[in-house]
file final_36.txt (compact mmCIF, C-alpha atoms)
# COMPACT_ATOMS: atom_id res chain seq x y z
CA MET A 1 33.01 2.14 -13.28
CA THR A 2 36.11 2.27 -15.56
CA LEU A 3 36.50 6.03 -15.10
CA LEU A 4 36.29 5.69 -11.33
CA MET A 5 38.98 2.99 -11.32
CA LEU A 6 41.30 5.15 -13.45
CA LEU A 7 40.90 8.17 -11.19
CA THR A 8 41.54 6.05 -8.12
CA GLY A 9 44.70 4.69 -9.66
CA ALA A 10 45.96 8.16 -10.65
CA VAL A 11 45.60 9.55 -7.13
CA ALA A 12 46.91 6.53 -5.26
CA GLY A 13 50.58 7.34 -5.88
CA GLY A 14 50.31 11.09 -5.30
CA ASP A 15 50.09 13.34 -2.29
CA LEU A 16 46.35 13.99 -2.48
CA PRO A 17 44.21 11.94 -0.09
CA PRO A 18 41.24 10.09 -1.56
CA ALA A 19 38.04 12.09 -1.67
CA PRO A 20 35.69 11.33 1.21
CA PRO A 21 32.51 9.48 0.30
CA PRO A 22 29.47 11.73 -0.16
CA PRO A 23 27.25 11.91 2.92
CA MET A 24 24.36 9.49 2.82
CA ALA A 25 21.06 11.25 2.28
CA GLN A 26 18.77 11.14 5.28
CA PRO A 27 15.26 10.03 4.41
CA VAL A 28 12.18 12.01 5.27
CA LEU A 29 8.80 10.65 6.27
CA MET A 30 6.58 11.30 3.25
CA ARG A 31 3.03 12.29 4.17
CA TRP A 32 0.27 13.03 1.66
CA MET A 33 -2.50 15.00 3.34
CA PRO A 34 -6.02 14.84 1.89
CA GLY A 35 -7.85 18.10 1.35
CA GLU A 36 -11.53 18.84 0.95
CA VAL A 37 -13.72 16.58 -1.14
CA ARG A 38 -15.48 18.80 -3.66
CA CYS A 39 -18.49 17.57 -5.63
CA GLY A 40 -20.17 19.82 -8.17
CA GLY A 41 -18.56 22.93 -6.69
CA GLY A 42 -19.66 22.16 -3.13
CA VAL A 43 -18.26 20.26 -0.15
CA PRO A 44 -20.47 17.37 1.03
CA ALA A 45 -21.18 17.44 4.75
CA GLY A 46 -18.85 15.23 6.73
CA ALA A 47 -16.88 14.13 3.65
CA ARG A 48 -13.37 13.22 4.81
CA ALA A 49 -10.97 10.94 3.01
CA LEU A 50 -8.67 8.55 4.85
CA ARG A 51 -5.04 9.57 5.14
CA PRO A 52 -2.66 7.54 3.01
CA TYR A 53 -0.01 5.46 4.76
CA THR A 54 3.33 7.21 5.20
CA SER A 55 6.53 6.10 3.50
CA LEU A 56 10.22 6.99 3.50
CA SER A 57 11.61 9.18 0.74
CA TRP A 58 15.19 9.89 -0.29
CA SER A 59 14.12 11.98 -3.27
CA SER A 60 15.11 15.62 -3.70
CA VAL A 61 12.45 16.38 -6.30
CA THR A 62 10.08 19.25 -5.70
CA ARG A 63 6.75 17.84 -4.64
CA VAL A 64 3.54 19.55 -5.66
CA PRO A 65 -0.10 18.91 -4.77
CA THR A 66 -1.82 16.31 -6.91
CA THR A 67 -5.50 16.08 -7.83
CA TYR A 68 -7.65 12.97 -8.10
CA ARG A 69 -10.98 12.72 -9.90
CA PHE A 70 -13.55 10.15 -8.80
CA ARG A 71 -17.23 9.52 -8.45
CA ILE A 72 -19.22 8.60 -5.35
CA ASP A 73 -21.95 6.04 -5.95
CA GLU A 74 -25.31 5.87 -4.20
CA THR A 75 -23.84 3.87 -1.29
CA GLY A 76 -21.09 6.42 -0.61
CA ARG A 77 -18.30 4.38 -2.18
CA PRO A 78 -15.57 6.17 -4.21
CA LEU A 79 -15.13 4.68 -7.70
CA SER A 80 -13.49 5.50 -11.05
CA ILE A 81 -10.49 7.01 -9.24
CA VAL A 82 -8.01 8.71 -11.58
CA ARG A 83 -4.99 10.86 -10.84
CA GLN A 84 -5.07 13.86 -13.16
CA ALA A 85 -1.32 14.27 -13.55
CA GLU A 86 0.74 11.62 -15.31
CA GLY A 87 4.08 10.19 -14.26
CA TRP A 88 5.63 9.08 -11.00
CA VAL A 89 4.74 10.88 -7.77
CA ASP A 90 7.06 10.46 -4.80
CA GLY A 91 5.58 8.40 -1.95
CA ALA A 92 2.03 8.45 -3.35
CA GLU A 93 1.48 4.73 -3.90
CA ASP A 94 -1.18 4.53 -1.17
CA VAL A 95 -3.10 7.68 -2.14
CA ALA A 96 -5.55 6.04 -4.56
CA PRO A 97 -6.00 2.90 -2.38
CA SER A 98 -6.67 5.06 0.70
CA LEU A 99 -9.28 7.02 -1.24
CA ALA A 100 -10.89 3.78 -2.42
CA ALA A 101 -11.09 2.60 1.22
CA SER A 102 -12.79 5.84 2.33
CA ARG A 103 -16.52 6.04 2.84
CA PHE A 104 -18.82 8.99 2.31
CA ALA A 105 -22.47 9.66 3.04
CA PRO A 106 -24.87 7.75 0.79
CA GLY A 107 -27.07 9.66 -1.60
CA ALA A 108 -27.28 10.61 -5.22
CA ALA A 109 -24.27 9.64 -7.33
CA ARG A 110 -21.92 12.56 -7.93
CA ASP A 111 -18.58 13.42 -9.56
CA CYS A 112 -15.91 14.75 -7.21
CA THR A 113 -12.30 15.85 -6.89
CA ILE A 114 -9.79 15.95 -4.04
CA ILE A 115 -6.34 17.49 -3.77
CA TYR A 116 -3.57 15.77 -1.80
CA THR A 117 -0.79 18.01 -0.49
CA PRO A 118 2.73 16.69 0.17
CA ASP A 119 4.02 17.23 3.69
CA PRO A 120 7.47 15.62 4.08
CA ARG A 121 8.84 15.58 7.61
CA THR A 122 12.28 14.88 9.00
CA MET A 123 12.70 12.33 11.75
CA ALA A 124 13.11 15.26 14.14
CA ASN A 125 9.82 17.02 13.36
CA ALA A 126 7.51 14.21 12.23
CA PRO A 127 4.58 13.56 14.60
CA VAL A 128 5.43 10.66 16.89
CA GLU A 129 2.17 8.92 15.93
CA ASP A 130 3.29 8.91 12.28
CA LEU A 131 6.68 7.48 13.23
CA MET A 132 4.90 4.76 15.21
CA SER A 133 2.59 4.02 12.30
CA PHE A 134 5.50 3.59 9.89
CA SER A 135 7.40 1.40 12.37
CA VAL A 136 4.40 -0.95 12.59
CA MET A 137 3.48 -0.82 8.89
CA PRO A 138 6.64 0.02 6.93
CA LEU A 139 5.91 0.46 3.23
CA ASN A 140 9.56 0.78 2.21
CA GLY A 141 12.68 0.27 4.26
CA THR A 142 12.86 0.50 8.04
CA LEU A 143 12.46 3.42 10.38
CA PRO A 144 15.85 5.17 10.83
CA PRO A 145 17.44 5.25 14.31
CA ALA A 146 16.55 8.94 14.66
CA GLY A 147 12.89 7.99 14.33
CA TRP A 148 13.18 5.22 16.90
CA GLU A 149 14.75 7.67 19.36
CA ARG A 150 11.54 9.70 19.19
CA ILE A 151 9.37 6.65 19.87
CA ARG A 152 11.24 4.88 22.65
CA PRO A 153 10.37 5.91 26.21
CA VAL A 154 13.03 8.15 27.75
CA GLY A 155 15.26 6.22 30.15
CA GLY A 156 14.07 2.80 29.01
CA ASP A 157 16.54 -0.06 28.83
CA CYS A 158 14.52 -2.71 27.01
CA ASP A 159 16.96 -2.75 24.09
CA ARG A 160 20.12 -3.34 26.10
CA GLU A 161 22.13 -6.51 25.54
CA PRO A 162 21.41 -9.33 25.83
CA ARG A 163 18.18 -8.73 23.95
CA VAL A 164 15.04 -10.24 25.39
CA GLN A 165 13.56 -13.36 23.79
CA TRP A 166 9.98 -14.57 23.81
CA LEU A 167 9.30 -17.56 26.04
CA VAL A 168 5.54 -17.36 25.59
CA ALA A 169 4.25 -15.02 22.88
CA VAL A 170 0.48 -14.60 23.03
CA SER A 171 -1.29 -13.01 20.05
CA PRO A 172 -4.86 -11.74 19.81
CA ASP A 173 -7.33 -13.75 17.78
CA TYR A 174 -7.20 -11.19 15.00
CA GLU A 175 -9.86 -12.77 12.82
CA ARG A 176 -12.43 -12.31 15.58
CA LEU A 177 -11.68 -8.61 15.98
CA PRO A 178 -13.73 -6.02 14.09
CA ALA A 179 -12.02 -4.32 11.18
CA ALA A 180 -13.00 -1.96 8.39
CA ALA A 181 -12.72 -3.20 4.81
CA GLY A 182 -9.57 -1.87 3.19
CA VAL A 183 -8.13 -0.50 6.46
CA ARG A 184 -5.34 -1.93 8.61
CA ASP A 185 -5.45 -1.24 12.35
CA TRP A 186 -2.56 -1.32 14.79
CA SER A 187 -1.89 -0.97 18.48
CA LEU A 188 1.50 -0.24 20.01
CA VAL A 189 1.68 -1.49 23.60
CA GLY A 190 4.18 -0.18 26.11
CA TYR A 191 5.20 -2.17 29.18
CA ASP A 192 7.90 -2.83 31.72
CA GLN A 193 9.17 -6.27 32.66
CA ASP A 194 9.75 -7.73 36.13
CA ALA A 195 12.61 -10.02 37.15
CA GLU A 196 10.65 -13.12 36.13
CA GLY A 197 9.98 -11.81 32.61
CA ARG A 198 6.35 -10.87 33.25
CA PRO A 199 5.09 -7.72 31.48
CA VAL A 200 3.88 -5.20 34.06
CA ARG A 201 2.52 -1.66 33.95
CA THR A 202 1.09 -2.30 30.49
CA ARG A 203 -0.28 0.72 28.66
CA LEU A 204 -1.32 1.79 25.18
CA ALA A 205 1.44 3.85 23.53
CA GLY A 206 -0.40 4.52 20.27
CA GLY A 207 -2.74 3.10 17.69
CA THR A 208 -5.47 3.67 15.14
CA GLY A 209 -8.29 3.72 17.68
CA ASN A 210 -9.64 0.18 17.25
CA ALA A 211 -10.83 -0.31 20.85
CA ALA A 212 -11.26 -4.07 20.48
CA LEU A 213 -7.72 -4.45 19.13
CA ASP A 214 -6.32 -2.22 21.88
CA ALA A 215 -7.97 -4.32 24.59
CA ALA A 216 -6.87 -7.61 22.97
CA ALA A 217 -3.30 -6.34 22.60
CA LEU A 218 -3.09 -5.38 26.28
CA ARG A 219 -4.42 -8.81 27.29
CA ALA A 220 -1.98 -10.55 24.96
CA ILE A 221 1.12 -8.79 26.28
CA GLY A 222 -0.01 -9.38 29.85
CA GLU A 223 -0.17 -13.15 29.23
CA SER A 224 3.21 -13.30 27.46
CA ARG A 225 6.56 -14.13 29.08
CA LEU A 226 10.09 -13.10 28.11
CA THR A 227 13.73 -13.62 29.05
CA GLY A 228 16.11 -10.91 30.17
CA GLY A 229 15.01 -10.05 33.70
CA ALA A 230 13.77 -6.64 34.78
CA ARG A 231 13.47 -4.05 32.01
CA THR A 232 11.70 -0.75 31.45
CA GLY A 233 10.37 1.10 28.41
CA CYS A 234 9.48 -1.89 26.24
CA LEU A 235 7.23 -1.69 23.17
CA ASN A 236 5.43 -4.32 21.12
CA PRO A 237 3.16 -3.80 18.08
CA TYR A 238 -0.03 -5.65 17.15
CA LEU A 239 -1.39 -5.37 13.61
CA ARG A 240 -4.87 -6.28 12.42
CA ARG A 241 -4.76 -6.64 8.64
CA ALA A 242 -7.47 -5.16 6.46
CA THR A 243 -10.54 -7.18 5.60
CA ARG A 244 -11.48 -7.67 1.97
CA LEU A 245 -13.08 -4.81 0.07
CA ALA A 246 -14.88 -6.53 -2.79
CA ALA A 247 -14.62 -5.26 -6.34
CA PRO A 248 -17.53 -3.15 -7.57
CA ALA A 249 -20.03 -4.49 -10.09
CA ASP A 250 -18.51 -5.68 -13.35
CA VAL A 251 -19.60 -4.92 -16.91
CA GLU A 252 -20.61 -7.15 -19.79
CA LEU A 253 -17.75 -7.67 -22.23
CA ASP A 254 -19.99 -7.71 -25.29
CA ALA A 255 -21.02 -4.13 -24.53
CA LEU A 256 -17.37 -3.05 -24.89
CA ARG A 257 -16.23 -5.39 -27.65
CA PRO A 258 -15.23 -3.47 -30.83
CA ALA A 259 -17.80 -4.00 -33.58
CA ASP A 260 -15.13 -4.42 -36.27
CA GLY A 261 -12.97 -6.88 -34.33
CA ASN A 262 -12.21 -10.36 -35.66
CA CYS A 263 -10.84 -11.90 -32.46
CA PRO A 264 -12.24 -15.34 -31.51
CA LYS A 265 -13.55 -15.55 -27.96
CA ASP A 266 -11.84 -18.88 -27.28
CA ALA A 267 -8.33 -18.18 -28.62
CA ASP A 268 -5.62 -20.12 -26.76
CA TRP A 269 -2.69 -18.61 -24.85
CA ALA A 270 0.74 -19.77 -26.03
CA GLN A 271 2.30 -17.89 -23.11
CA GLN A 272 -0.01 -17.33 -20.17
CA PRO A 273 -0.21 -13.84 -18.62
CA GLN A 274 2.09 -13.43 -15.60
CA LEU A 275 -0.45 -12.61 -12.91
CA ILE A 276 0.83 -9.98 -10.47
CA TYR A 277 -1.41 -8.25 -7.94
CA PRO A 278 -0.66 -4.52 -7.52
CA GLU A 279 0.98 -4.41 -4.10
CA PRO A 280 -0.54 -1.16 -2.75
CA TRP A 281 -4.03 -2.58 -3.36
CA GLY A 282 -3.21 -6.03 -2.02
CA ARG A 283 -1.88 -4.39 1.14
CA ARG A 284 -5.36 -3.00 1.79
CA ALA A 285 -7.13 -6.15 0.49
CA ILE A 286 -8.95 -4.09 -2.13
CA GLU A 287 -10.22 -6.01 -5.14
CA GLY A 288 -10.74 -4.64 -8.62
CA TRP A 289 -11.07 -5.43 -12.29
CA ALA A 290 -10.18 -4.08 -15.70
CA VAL A 291 -11.45 -4.66 -19.23
CA LEU A 292 -8.82 -4.34 -21.94
CA ALA A 293 -8.84 -4.29 -25.71
CA TYR A 294 -5.81 -5.40 -27.68
CA ASP A 295 -4.62 -6.75 -31.00
CA VAL A 296 -2.60 -9.88 -31.74
CA ALA A 297 0.19 -10.19 -34.31
CA PRO A 298 0.32 -13.30 -36.55
CA TRP A 299 3.17 -14.65 -34.39
CA GLY A 300 1.03 -14.25 -31.25
CA ALA A 301 2.45 -11.10 -29.62
CA THR A 302 -0.11 -8.81 -28.01
CA GLY A 303 -0.05 -5.11 -28.87
CA HIS A 304 -2.06 -1.89 -28.94
CA VAL A 305 -3.26 -2.71 -25.43
CA ARG A 306 -5.74 -0.15 -24.13
CA VAL A 307 -7.89 0.05 -21.02
CA LEU A 308 -11.62 0.25 -21.73
CA ARG A 309 -12.86 0.27 -18.14
CA ALA A 310 -11.30 -0.24 -14.70
CA GLU A 311 -12.69 -0.13 -11.16
CA PRO A 312 -12.35 1.07 -8.47
CA ALA A 313 -9.35 2.95 -9.94
CA ASP A 314 -7.46 3.26 -13.20
CA GLU A 315 -4.42 1.74 -11.46
CA PHE A 316 -6.07 -1.67 -11.89
CA GLY A 317 -6.17 -0.94 -15.61
CA THR A 318 -2.48 -0.07 -15.61
CA ALA A 319 -1.66 -3.29 -13.76
CA ALA A 320 -3.83 -5.38 -16.10
CA ALA A 321 -2.28 -3.80 -19.20
CA SER A 322 1.19 -4.69 -17.94
CA ILE A 323 0.05 -8.27 -17.35
CA LEU A 324 -1.48 -8.61 -20.80
CA SER A 325 1.42 -6.99 -22.66
CA GLY A 326 3.75 -9.82 -21.65
CA ALA A 327 1.44 -12.61 -22.80
CA ARG A 328 1.29 -14.35 -26.19
CA ARG A 329 -1.59 -15.88 -28.08
CA ALA A 330 -1.23 -18.87 -30.36
CA SER A 331 0.14 -17.92 -33.78
CA SER A 332 -2.25 -17.50 -36.71
CA SER A 333 -2.08 -16.67 -40.39
CA THR A 334 -3.33 -13.09 -40.12
CA GLY A 335 -3.47 -12.14 -36.43
CA TYR A 336 -6.47 -10.53 -34.77
CA THR A 337 -7.84 -7.11 -33.93
CA GLY A 338 -10.35 -5.98 -31.35
CA CYS A 339 -9.69 -8.69 -28.78
CA VAL A 340 -11.22 -8.02 -25.35
CA GLU A 341 -10.10 -9.42 -22.00
CA ARG A 342 -11.35 -9.01 -18.46
CA VAL A 343 -8.76 -9.23 -15.67
CA VAL A 344 -10.21 -9.68 -12.18
CA PHE A 345 -8.06 -9.01 -9.11
CA ARG A 346 -9.51 -10.99 -6.23
CA MET A 347 -8.20 -11.56 -2.73
CA GLY A 348 -8.19 -15.19 -1.59
CA PRO A 349 -7.93 -16.60 1.95
CA GLY A 350 -4.71 -15.09 3.23
CA THR A 351 -3.51 -14.33 -0.31
CA PHE A 352 -4.92 -13.27 -3.64
CA GLU A 353 -5.80 -14.61 -7.04
CA ILE A 354 -6.09 -13.04 -10.46
CA MET A 355 -8.45 -14.35 -13.10
CA ALA A 356 -8.53 -13.50 -16.79
CA ASP A 357 -11.43 -14.28 -19.08
CA ASN A 358 -12.75 -13.13 -22.41

call {"tool": "encode", "arguments": {"input": "final_36.txt", "output": "structure tokens"}}
result
Amino acid sequence: MTLLMLLTGAVAGGDLPPAPPPPMAQPVLMRWMPGEVRCGGGVPAGARALRPYTSLSWSSVTRVPTTYRFRIDETGRPLSIVRQAEGWVDGAEDVAPSLAASRFAPGAARDCTIIYTPDPRTMANAPVEDLMSFSVMPLNGTLPPAGWERIRPVGGDCDREPRVQWLVAVSPDYERLPAAAGVRDWSLVGYDQDAEGRPVRTRLAGGTGNAALDAAALRAIGESRLTGGARTGCLNPYLRRATRLAAPADVELDALRPADGNCPKDADWAQQPQLIYPEPWGRRAIEGWAVLAYDVAPWGATGHVRVLRAEPADEFGTAAASILSGARRASSSTGYTGCVERVVFRMGPGTFEIMADN
């Protein structure tokens, strides 16, 4: 900041004009495309993973395919999901959750892999359905104007001033609509508006294919009323949030407790863990758990935190380790080793809760 101020001052009295600001980078729509699911060298029949949600990216890093390891249990549920590469991956926060929400054919348990390939698209060449999806479910930021120009009906005037206002806004009874666990559904309804503010010529502009939601959305917009007089080319989204995907079966702590540990099971917290639900998993209402081992210094600080088990993905272990690292036990004369803690991430009614127990 000081260097910038000095340079500005040096140029101000001269003949050189100030340098123009650098052009603002235009974001791309980041898409991670799932490849084949391979188990034991073969491809299970009909095995297709859900596509992750798209996001915006301003990054100029070179993106490369990334591989995930996981197992499929007897019911067809993906578990023990781990990304093979370490470090940050641009726009991939929904890859593991989308895999966890996928379902495969039931059968014998098997170990599998899948490769996700990056496919960034500009606002000009992204599929319109992907632009719609991001506009309804934005993970980061808002859809740029160039994206909206691709979505809006040509010749429509619904956005002209003064903007329309809702007089009667009818919503579907979302909780009565069918939904898949861990999956959010949306419908984007197009309509025109007559002089009295009644939606007319309603139609489905896009969506995830939830027929019950599509029908409820069309009924809802037809019963709504707005200001603004006659308009054309209007759009309104309807979003059905994901239903809860329960955590898989837990494990007994005693089976994982270090044999040489000296940590009491009922030690008090001097500073409670700050419980934070990992947002990408909360967005899909996916529950999970992690079992951690750690040591405690005589002054109560936790350290040497390591993940013993985590389901349905190691990302729950990472989140739990971050939670535990900021907590403090009551001070003691010698400290402890081999402490074990279970952190359970559980969705509540309309929210979530996190429980820790040892």

call {"tool": "atom_distance", "arguments": {"input": "final_36.txt", "atom1": "CA of Gly317 (chain A)", "atom2": "CA of Ala290 (chain A)"}}
result
5.1 Å

call {"tool": "closest_residue", "arguments": {"input": "final_36.txt", "among": "A:Leu131, A:Val189, A:Val164, A:Leu99", "to": "Arg31 (chain A)", "atoms": "all atoms listed in the file"}}
result
A:Leu131

call {"tool": "closest_residue", "arguments": {"input": "final_36.txt", "among": "A:Leu139, A:Leu79, A:Ala205, A:Cys112", "to": "Leu56 (chain A)", "atoms": "all atoms listed in the file"}}
result
A:Leu139

call {"tool": "closest_residue", "arguments": {"input": "final_36.txt", "among": "A:Glu149, A:Thr113, A:Ala105, A:Glu287", "to": "Val82 (chain A)", "atoms": "all atoms listed in the file"}}
result
A:Thr113

call {"tool": "atom_distance", "arguments": {"input": "final_36.txt", "atom1": "CA of Arg257 (chain A)", "atom2": "CA of Pro97 (chain A)"}}
result
28.5 Å

call {"tool": "residues_around", "arguments": {"input": "final_36.txt", "residues": "Trp148 (chain A)", "least_positions_apart": "2", "cutoff": "10 Å", "atoms": "only C-alpha atoms", "output": "list in words"}}
result
Met123, Val128, Leu131, Met132, Ser135, Leu143, Pro144, Pro145, Ala146, Arg150, Ile151, Arg152 and Pro153 of chain A
